[in-house]
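First comes the structure, then the notes that go with it.
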Amino acid sequence: MSSTLWQRCLERLEQEFADQEFNTWIRPLQAREREGALELCAPNPFVQEWVQNHAVDRIRETVARIAEALEALAG
């Protein structure tokens, strides 16, 4: 489920960020489900810092909205 959730988030985030920002900072993130949460891993400290300073709130909101929609579909 986490890959579906993250793939849907990426599709949405791609529309919200400029192409260069998305491809440089968001696309390299890897996601995994851990203890019922989606954990994002950055490939290096530069990406991690940029995401924390510029995108983490938007990512959290997107994940929450899509997870809620997927749960509603599941019943």
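To be explicit about the labels: the chains of the structure tokens are called A, B, and onward in the order shown, and within each one the residues are counted from 1, while ligands get numbers from 1 in the order they are shown.
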If we count only C-alpha atoms, what is near stretch 44-56 of chain A at a cut-off of 12 Å, once residues fewer than 6 positions away on the same chain are taken out, given as a CSV table (one decimal) with all heavy atoms, in the first residue's frame?
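Output file selection.csv is given in full below:
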```
chain,number,residue,atom,x,y,z
A,13,LEU,N,2.2,15.9,-6.1
A,13,LEU,CA,3.3,16.9,-5.8
A,13,LEU,C,4.0,17.4,-7.1
A,13,LEU,O,4.4,18.5,-7.2
A,13,LEU,CB,4.3,16.2,-4.9
A,13,LEU,CG,3.8,16.0,-3.5
A,13,LEU,CD1,4.8,15.0,-2.7
A,13,LEU,CD2,3.6,17.2,-2.7
A,14,GLU,N,4.0,16.5,-8.1
A,14,GLU,CA,4.6,16.9,-9.4
A,14,GLU,C,3.9,18.1,-10.0
A,14,GLU,O,4.4,18.9,-10.6
A,14,GLU,CB,4.6,15.7,-10.3
A,14,GLU,CG,5.4,16.0,-11.6
A,14,GLU,CD,5.6,14.7,-12.4
A,14,GLU,OE1,4.8,13.7,-12.2
A,14,GLU,OE2,6.4,14.8,-13.3
A,16,GLU,N,2.4,20.4,-8.1
A,16,GLU,CA,2.5,21.5,-7.2
A,16,GLU,C,3.9,22.2,-7.2
A,16,GLU,O,4.0,23.4,-6.8
A,16,GLU,CB,2.2,21.1,-5.8
A,16,GLU,CG,0.7,20.6,-5.7
A,16,GLU,CD,0.4,20.2,-4.2
A,16,GLU,OE1,1.1,20.7,-3.3
A,16,GLU,OE2,-0.6,19.5,-4.1
A,17,PHE,N,4.9,21.5,-7.6
A,17,PHE,CA,6.3,22.0,-7.6
A,17,PHE,C,6.7,22.3,-9.1
A,17,PHE,O,6.3,21.6,-10.0
A,17,PHE,CB,7.2,21.0,-7.0
A,17,PHE,CG,7.1,21.0,-5.5
A,17,PHE,CD1,6.3,20.0,-4.9
A,17,PHE,CD2,7.9,21.8,-4.7
A,17,PHE,CE1,6.2,20.0,-3.5
A,17,PHE,CE2,7.8,21.7,-3.3
A,17,PHE,CZ,6.9,20.8,-2.7
A,21,GLU,N,12.5,21.8,-9.3
A,21,GLU,CA,12.4,21.5,-7.8
A,21,GLU,C,11.9,20.1,-7.6
A,21,GLU,O,12.5,19.3,-6.8
A,21,GLU,CB,11.4,22.4,-7.2
A,21,GLU,CG,11.9,23.8,-6.9
A,21,GLU,CD,10.9,24.7,-6.2
A,21,GLU,OE1,9.7,24.4,-6.3
A,21,GLU,OE2,11.3,25.6,-5.5
A,22,PHE,N,10.9,19.7,-8.3
A,22,PHE,CA,10.4,18.3,-8.1
A,22,PHE,C,11.4,17.3,-8.4
A,22,PHE,O,11.7,16.3,-7.7
A,22,PHE,CB,9.1,18.1,-9.0
A,22,PHE,CG,8.6,16.7,-8.8
A,22,PHE,CD1,7.8,16.4,-7.8
A,22,PHE,CD2,8.8,15.7,-9.8
A,22,PHE,CE1,7.3,15.1,-7.6
A,22,PHE,CE2,8.3,14.5,-9.6
A,22,PHE,CZ,7.5,14.1,-8.5
A,23,ASN,N,12.1,17.4,-9.6
A,23,ASN,CA,13.1,16.4,-10.0
A,23,ASN,C,14.3,16.4,-9.2
A,23,ASN,O,14.9,15.3,-9.0
A,23,ASN,CB,13.4,16.6,-11.5
A,23,ASN,CG,12.3,16.2,-12.4
A,23,ASN,OD1,11.6,15.3,-12.2
A,23,ASN,ND2,12.1,17.0,-13.4
A,24,THR,N,14.7,17.5,-8.6
A,24,THR,CA,15.9,17.6,-7.8
A,24,THR,C,15.7,17.2,-6.4
A,24,THR,O,16.5,16.5,-5.8
A,24,THR,CB,16.4,19.1,-7.8
A,24,THR,OG1,16.7,19.5,-9.2
A,24,THR,CG2,17.7,19.2,-7.0
A,25,TRP,N,14.5,17.6,-5.8
A,25,TRP,CA,14.4,17.4,-4.4
A,25,TRP,C,13.3,16.4,-4.0
A,25,TRP,O,13.5,15.7,-3.0
A,25,TRP,CB,14.0,18.7,-3.7
A,25,TRP,CG,15.0,19.8,-4.0
A,25,TRP,CD1,14.8,20.9,-4.9
A,25,TRP,CD2,16.3,19.9,-3.6
A,25,TRP,NE1,15.9,21.6,-4.9
A,25,TRP,CE2,16.9,21.1,-4.2
A,25,TRP,CE3,17.1,19.1,-2.8
A,25,TRP,CZ2,18.2,21.5,-3.9
A,25,TRP,CZ3,18.4,19.5,-2.5
A,25,TRP,CH2,18.9,20.7,-3.1
A,26,ILE,N,12.2,16.2,-4.7
A,26,ILE,CA,11.1,15.4,-4.3
A,26,ILE,C,11.3,14.0,-4.9
A,26,ILE,O,11.1,13.0,-4.2
A,26,ILE,CB,9.7,16.0,-4.7
A,26,ILE,CG1,9.6,17.4,-4.2
A,26,ILE,CG2,8.6,15.1,-4.2
A,26,ILE,CD1,9.7,17.5,-2.7
A,27,ARG,N,11.5,13.9,-6.2
A,27,ARG,CA,11.6,12.6,-6.9
A,27,ARG,C,12.6,11.7,-6.2
A,27,ARG,O,12.4,10.4,-6.1
A,27,ARG,CB,11.9,12.8,-8.4
A,27,ARG,CG,11.8,11.4,-9.1
A,27,ARG,CD,12.0,11.6,-10.6
A,27,ARG,NE,11.0,12.5,-11.3
A,27,ARG,CZ,9.8,12.1,-11.7
A,27,ARG,NH1,9.4,10.9,-11.4
A,27,ARG,NH2,9.0,13.0,-12.3
A,28,PRO,N,13.8,12.2,-5.8
A,28,PRO,CA,14.8,11.2,-5.2
A,28,PRO,C,14.4,10.6,-3.9
A,28,PRO,O,15.0,9.7,-3.4
A,28,PRO,CB,16.0,12.1,-5.0
A,28,PRO,CG,15.8,13.3,-5.9
A,28,PRO,CD,14.3,13.5,-6.0
A,29,LEU,N,13.3,11.1,-3.2
A,29,LEU,CA,12.9,10.5,-2.0
A,29,LEU,C,12.4,9.1,-2.1
A,29,LEU,O,11.7,8.8,-3.1
A,29,LEU,CB,11.8,11.4,-1.3
A,29,LEU,CG,12.2,12.8,-1.0
A,29,LEU,CD1,10.9,13.6,-0.5
A,29,LEU,CD2,13.3,12.9,0.1
A,30,GLN,N,12.8,8.3,-1.2
A,30,GLN,CA,12.3,6.9,-1.2
A,30,GLN,C,11.3,6.8,0.0
A,30,GLN,O,11.6,7.3,1.0
A,30,GLN,CB,13.4,5.9,-1.0
A,30,GLN,CG,14.4,5.9,-2.2
A,30,GLN,CD,13.8,5.5,-3.4
A,30,GLN,OE1,13.2,4.4,-3.5
A,30,GLN,NE2,14.0,6.2,-4.5
A,62,THR,N,-0.4,16.3,1.6
A,62,THR,CA,-0.7,15.4,0.5
A,62,THR,C,-0.9,14.0,0.9
A,62,THR,O,-1.8,13.3,0.5
A,62,THR,CB,0.4,15.6,-0.6
A,62,THR,OG1,0.4,17.0,-1.0
A,62,THR,CG2,0.0,14.8,-1.8
A,63,VAL,N,0.0,13.5,1.7
A,63,VAL,CA,0.0,12.1,2.2
A,63,VAL,C,-1.3,11.9,3.0
A,63,VAL,O,-2.0,10.9,2.8
A,63,VAL,CB,1.2,11.8,3.1
A,63,VAL,CG1,1.0,10.4,3.8
A,63,VAL,CG2,2.4,11.7,2.2
```
Please, which residues of chain A, numbered as in this document, come out strand (DSSP E or B) from DSSP, as a VMD selection string? chain A and resid 30 to 34 37 to 41
Residue neighbourhood A:Ala37, 12 Å, only C-alpha atoms, exclusion window fewer than 5 positions, as a list in words: Met1, Ser2, Leu5, Trp6, Ala31, Arg32, Arg60, Val63, Ala64 and Ala67 of chain A
I need the helix (DSSP H, G or I) residues of chain A per DSSP on the backbone, written as a PyMOL selection string. chain A and resi 2-16+19-26+45-54+56-74
Work out how far atom CA of A:Arg8 is from atom CA of A:Ala72, in Å to one decimal.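 For atom CA of A:Ala72 relative to atom CA of A:Arg8, the distance reads 15.2 Å.
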